[in-house]
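Trainee: The structure's right below; bear with me while I get my questions together.
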Amino acid sequence: MTRFKIVPLLLACVFCTQACRQSTFDRYFEDKSLRIDYMSMGDAQSQTAVVHELREEPVWGGPKKNLIEPFGYGEYLLEVYDHESSELIYSRSFCSLFGEWRTTAEAKTETQAWYNSISIPYPKNTILVDLKSRNKADMQFYSIMQHVIDPSSMFIDKAPLADNKVVAIQDNGDPAEKVDLVFIAEGYTQDELDKFFADAERFTEALFNCPPFDTCRDQWNVWAVGTVSIDSGTSSSGVGIYKNTALKTGYYTFGLDRYLTTKDMKSIKDATWNVPCDAVFLLINAETYGGGGIYNSYACGTADNERTLNVFTHEFGHSFAGLGDEYFESTVAYESYYNLEKELWEPNITTLVDFDSKWKDLLPEGTPIPTPLNDETKDGIGVFEGGGYLSEGIYRPMDHCMMRDYAPFCPACSRAILKMVDFLSDKQ
Ligand SMILES: [Zn+2]
């Protein structure tokens, strides 16, 4: 008897929790976005940030129930508090290219200021925005910027921006309940836009043919924004090629020929001002191998290299699900990127300091930790030494994975991707 009473009670609690979280959105937010543009300044040792500009934008494409992020990923954490009650009402973690730059040799000898931007649902009342950065020494977040924002301020810009052509590659419904992936055209001239929209469709099909994305296609919307570039292609400063393109991408980020990125977050945000957006991929009209992916910021890659679709999926793994690189053989520009004394935040690599928080529950019983790599273990999940750019001290879940060498995603990566899909489509 008791059993039959408990089940409806539990169901009632689940529905209540869902409804309560939706009502939190309605109590504190309007169905549009507040874009917070800020400058990050600093060097390898320290950093700070200041607000640059605020904008009201017409669309909020993020979740409305999942307002507080549970993952604990990233190098930065944005927290939004209701100013009157001090209640935490929104949070998201992310990374930035500036954060990566701080780990390069250049940051040991000079200070720089970089532009960045993050959007939150538009608040109804005054909020306190607290931007925190992760301290590598203890892996905790510490505040680098606190800013009070009155949403009725006349200084919040409301001007419409460029009305680019936007095509719905796949529209499955309410953006709050879907992951909204936005392809932005980079290095396509006006005459090349038809090629861009065809490329975006090709990339969309490739993504949803790739496990685990093939299992959740109905949880996604896909949009393509036809930003127009003056020049075709992208810059390659290491060989003296400089192009005038919409998003100012280029190879040779931090001096690495294949590391293709942009510092121009303003143009990325301008391109998505009127489009629901949970994840961005900059589709670059070029053939040479290259790309980059920055967690909850953007990923990019070229349209026409023979390994293009693998690069897309790998870089999207970084930007969408916070996955770390599982390779350890290639040159990178970073110095002391990971603190081996602490656990890493990426869900697919570990220092074994707190392996319980990683993929330990996915291991078959009796799996040795770490797992020796041999004929018996090489095709299964384990804890294999080598990953995160280091051959020792960091461990990966399988010998091969999309995050190492373009093999299919390993089980730890797949689980992290599906968790993020559920979070962003309000399913959790
Ligand atoms: Zn993996």
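By order in the structure tokens, chains are A, B, ...; within a chain, residues start at 1; ligands start at 1, following the order shown.
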For A:Ala44, find every residue with an atom within 8 Å (counting only C-alpha atoms), except residues of its own chain fewer than 5 positions away, and show them as a PDB file with C-alpha atoms, in the first residue's frame.
Mentor:
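Result file out-v1.pdb:
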ATOM      1  CA  ARG A 102      47.920  33.537 -20.139  1.00  0.00           C
ATOM      2  CA  THR A 103      49.601  30.090 -20.221  1.00  0.00           C
ATOM      3  CA  THR A 104      51.973  31.006 -23.102  1.00  0.00           C
ATOM      4  CA  ALA A 107      52.278  36.271 -21.067  1.00  0.00           C
ATOM      5  CA  LYS A 108      55.308  35.967 -18.789  1.00  0.00           C
TER       6      LYS A 108
END
Trainee: Could you pull out the residues sitting within 8 Å of ligand 1, using only C-alpha atoms and all ligand atoms, and write them as a list in words?
Mentor: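 The residues within 8 Å of ligand 1, counting only C-alpha atoms and all ligand atoms, are Leu323, Glu326, Asn348, Arg396, Pro397, Met398, His400, Cys401, Met402, Met403, Arg404, Phe409, Cys410, Pro411, Ala412, Cys413 and Ser414 of chain A.
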Trainee: Residues of stretch 114-215 of chain A in strand (DSSP E) according to DSSP, as a ChimeraX atom specification?
Mentor: /A:114-123,127-134,141-149,165-170,179-186
Trainee: How about saving the chosen residues, C-alpha atoms kept, as a PDB file, in the first residue's frame?
Mentor:
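Result went into result33.pdb, see below:
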ATOM      1  CA  TRP A 114      41.371  41.285 -24.641  1.00  0.00           C
ATOM      2  CA  TYR A 115      37.707  41.782 -25.446  1.00  0.00           C
ATOM      3  CA  ASN A 116      35.155  39.162 -24.371  1.00  0.00           C
ATOM      4  CA  SER A 117      31.397  38.894 -24.121  1.00  0.00           C
ATOM      5  CA  ILE A 118      28.783  36.680 -22.490  1.00  0.00           C
ATOM      6  CA  SER A 119      24.985  36.749 -22.708  1.00  0.00           C
ATOM      7  CA  ILE A 120      22.519  36.039 -19.916  1.00  0.00           C
ATOM      8  CA  PRO A 121      18.712  36.123 -19.836  1.00  0.00           C
ATOM      9  CA  TYR A 122      17.502  39.712 -19.467  1.00  0.00           C
ATOM     10  CA  PRO A 123      16.928  40.513 -15.768  1.00  0.00           C
ATOM     11  CA  ILE A 127      21.457  42.239 -10.532  1.00  0.00           C
ATOM     12  CA  LEU A 128      24.996  41.748  -9.292  1.00  0.00           C
ATOM     13  CA  VAL A 129      27.221  40.071 -11.865  1.00  0.00           C
ATOM     14  CA  ASP A 130      30.214  38.263 -10.360  1.00  0.00           C
ATOM     15  CA  LEU A 131      32.844  37.044 -12.835  1.00  0.00           C
ATOM     16  CA  LYS A 132      35.272  34.533 -11.326  1.00  0.00           C
ATOM     17  CA  SER A 133      38.430  32.932 -12.659  1.00  0.00           C
ATOM     18  CA  ARG A 134      39.918  29.618 -11.645  1.00  0.00           C
ATOM     19  CA  PHE A 141      37.124  30.173  -8.500  1.00  0.00           C
ATOM     20  CA  TYR A 142      37.917  33.702  -7.282  1.00  0.00           C
ATOM     21  CA  SER A 143      36.165  36.924  -8.210  1.00  0.00           C
ATOM     22  CA  ILE A 144      37.846  39.204 -10.789  1.00  0.00           C
ATOM     23  CA  MET A 145      34.907  41.512 -11.536  1.00  0.00           C
ATOM     24  CA  GLN A 146      31.730  42.502  -9.706  1.00  0.00           C
ATOM     25  CA  HIS A 147      29.286  44.785 -11.440  1.00  0.00           C
ATOM     26  CA  VAL A 148      25.774  45.954 -10.516  1.00  0.00           C
ATOM     27  CA  ILE A 149      23.401  46.276 -13.480  1.00  0.00           C
ATOM     28  CA  LYS A 165      20.557  36.223 -43.881  1.00  0.00           C
ATOM     29  CA  VAL A 166      19.674  33.447 -41.382  1.00  0.00           C
ATOM     30  CA  VAL A 167      18.654  29.976 -42.588  1.00  0.00           C
ATOM     31  CA  ALA A 168      17.068  27.343 -40.325  1.00  0.00           C
ATOM     32  CA  ILE A 169      18.982  24.191 -41.268  1.00  0.00           C
ATOM     33  CA  GLN A 170      16.956  22.253 -38.698  1.00  0.00           C
ATOM     34  CA  VAL A 179      20.231  23.057 -28.155  1.00  0.00           C
ATOM     35  CA  ASP A 180      20.623  25.889 -30.651  1.00  0.00           C
ATOM     36  CA  LEU A 181      23.750  25.396 -32.755  1.00  0.00           C
ATOM     37  CA  VAL A 182      24.693  28.380 -34.926  1.00  0.00           C
ATOM     38  CA  PHE A 183      27.066  28.174 -37.896  1.00  0.00           C
ATOM     39  CA  ILE A 184      28.521  31.576 -38.772  1.00  0.00           C
ATOM     40  CA  ALA A 185      30.039  32.221 -42.217  1.00  0.00           C
ATOM     41  CA  GLU A 186      33.676  33.315 -42.131  1.00  0.00           C
TER      42      GLU A 186
END
Trainee: Might you pull out every residue within 12 Å of A:Thr215, with only C-alpha atoms counted and same-chain residues fewer than 4 positions away left off, and present them as a VMD selection string?
Mentor: chain A and resid 207 to 211 219 to 220 414 to 415 417 to 418 421 to 422
Trainee: Residues as selected, C-alpha atoms, written as a PDB file, in the first residue's frame, can you do that?
Mentor:
ATOM      1  CA  LEU A 207      27.441  15.914 -36.756  1.00  0.00           C
ATOM      2  CA  PHE A 208      24.247  13.907 -36.518  1.00  0.00           C
ATOM      3  CA  ASN A 209      25.852  10.890 -38.165  1.00  0.00           C
ATOM      4  CA  CYS A 210      28.441  10.842 -35.386  1.00  0.00           C
ATOM      5  CA  PRO A 211      27.697   8.998 -32.104  1.00  0.00           C
ATOM      6  CA  GLN A 219      16.922  17.898 -29.172  1.00  0.00           C
ATOM      7  CA  TRP A 220      18.701  20.302 -31.541  1.00  0.00           C
ATOM      8  CA  SER A 414      29.939  10.512 -25.007  1.00  0.00           C
ATOM      9  CA  ARG A 415      28.389  10.737 -21.568  1.00  0.00           C
ATOM     10  CA  ILE A 417      28.209  15.344 -24.443  1.00  0.00           C
ATOM     11  CA  LEU A 418      24.781  13.851 -23.686  1.00  0.00           C
ATOM     12  CA  VAL A 421      22.629  18.233 -24.477  1.00  0.00           C
ATOM     13  CA  ASP A 422      20.103  17.485 -21.712  1.00  0.00           C
TER      14      ASP A 422
END
Trainee: Between A:Leu390, A:Leu309, A:Leu54, A:Ala49, which one has atoms that come closest to A:Pro151, using only C-alpha atoms?
Mentor: A:Leu54
Trainee: Near A:Asp171, counting only C-alpha atoms, which residues have an atom at most 9 Å away, once you skip same-chain residues fewer than 3 positions from it, shown as an MDAnalysis selection string?
Mentor: chainID A and resid 168 174:175 220:223
Trainee: Check the smallest atom-to-atom distance from each of A:Ser93, A:Phe423, A:Phe71, A:Asn164 to A:Asn274 using only C-alpha atoms, then report the winner.
Mentor: A:Asn164
Trainee: Fewer than 5 positions away in the same chain doesn't count, so skip those; otherwise give me all residues within 10 Å of A:Leu283, counting only C-alpha atoms, as a list in words.
Mentor: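 Near A:Leu283, the qualifying residues are Val182, Phe183, Ile184, Ala185, Glu186, Gly187, Tyr188, Phe196, Asp199, Ala200, Phe203, Ala224, Gly291, Ala299, Cys300, Gly301, Thr302, Ala303, Asp304 and Phe312 of chain A.
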Trainee: Could the residues in this selection be written to a file with C-alpha atoms, as an mmCIF file, in the first residue's frame?
Mentor:
data_model
loop_
_atom_site.group_PDB
_atom_site.id
_atom_site.type_symbol
_atom_site.label_atom_id
_atom_site.label_comp_id
_atom_site.auth_asym_id
_atom_site.auth_seq_id
_atom_site.Cartn_x
_atom_site.Cartn_y
_atom_site.Cartn_z
ATOM 1 C CA VAL A 182 24.693 28.380 -34.926
ATOM 2 C CA PHE A 183 27.066 28.174 -37.896
ATOM 3 C CA ILE A 184 28.521 31.576 -38.772
ATOM 4 C CA ALA A 185 30.039 32.221 -42.217
ATOM 5 C CA GLU A 186 33.676 33.315 -42.131
ATOM 6 C CA GLY A 187 35.709 34.130 -45.240
ATOM 7 C CA TYR A 188 32.728 33.792 -47.590
ATOM 8 C CA PHE A 196 28.270 28.532 -47.080
ATOM 9 C CA ASP A 199 28.583 23.672 -46.279
ATOM 10 C CA ALA A 200 26.512 24.256 -43.113
ATOM 11 C CA PHE A 203 28.425 19.820 -41.438
ATOM 12 C CA ALA A 224 23.238 29.293 -40.336
ATOM 13 C CA GLY A 291 40.761 24.774 -36.164
ATOM 14 C CA ALA A 299 34.702 26.359 -32.125
ATOM 15 C CA CYS A 300 35.967 26.846 -35.657
ATOM 16 C CA GLY A 301 37.403 24.923 -38.560
ATOM 17 C CA THR A 302 37.848 25.017 -42.309
ATOM 18 C CA ALA A 303 35.212 23.898 -44.803
ATOM 19 C CA ASP A 304 37.239 22.035 -47.380
ATOM 20 C CA PHE A 312 34.740 19.974 -36.697
#
Trainee: Hey, which of A:Gln22, A:Leu424, A:Leu340, A:Ser237 ends up closest to A:Phe254? Count only C-alpha atoms.
Mentor: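 Closest to A:Phe254 of all the choices is A:Ser237.
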Trainee: Have a look at A:Ala159, A:Ile394, A:Ala113, A:Leu193 and name the one nearest to A:Glu341; count only C-alpha atoms.
Mentor: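 Going through A:Ala159, A:Ile394, A:Ala113, A:Leu193 one by one, the smallest distance to A:Glu341 is for A:Ile394.
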Trainee: Find the residues around A:Ser152 up to 10 Å (only C-alpha atoms counted), leave out those fewer than 5 positions away in its own chain, and share them as a list in words.
Mentor: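 Once the nearby chain positions are removed, what remains is Pro123, Lys124, Asn125 and Thr126 of chain A.
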Trainee: Calculated over only C-alpha atoms, which of the candidates A:Lys158, A:Arg217, A:Arg21, A:Lys248 has the smallest distance to A:Glu53?
Mentor: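 Closest candidate: A:Lys158.
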Trainee: Enumerate, as a ChimeraX atom specification, the complete set of residues in stretch 85-164 of chain A that a backbone-based DSSP assignment places in alpha helix (DSSP H).
Mentor: /A:97-101
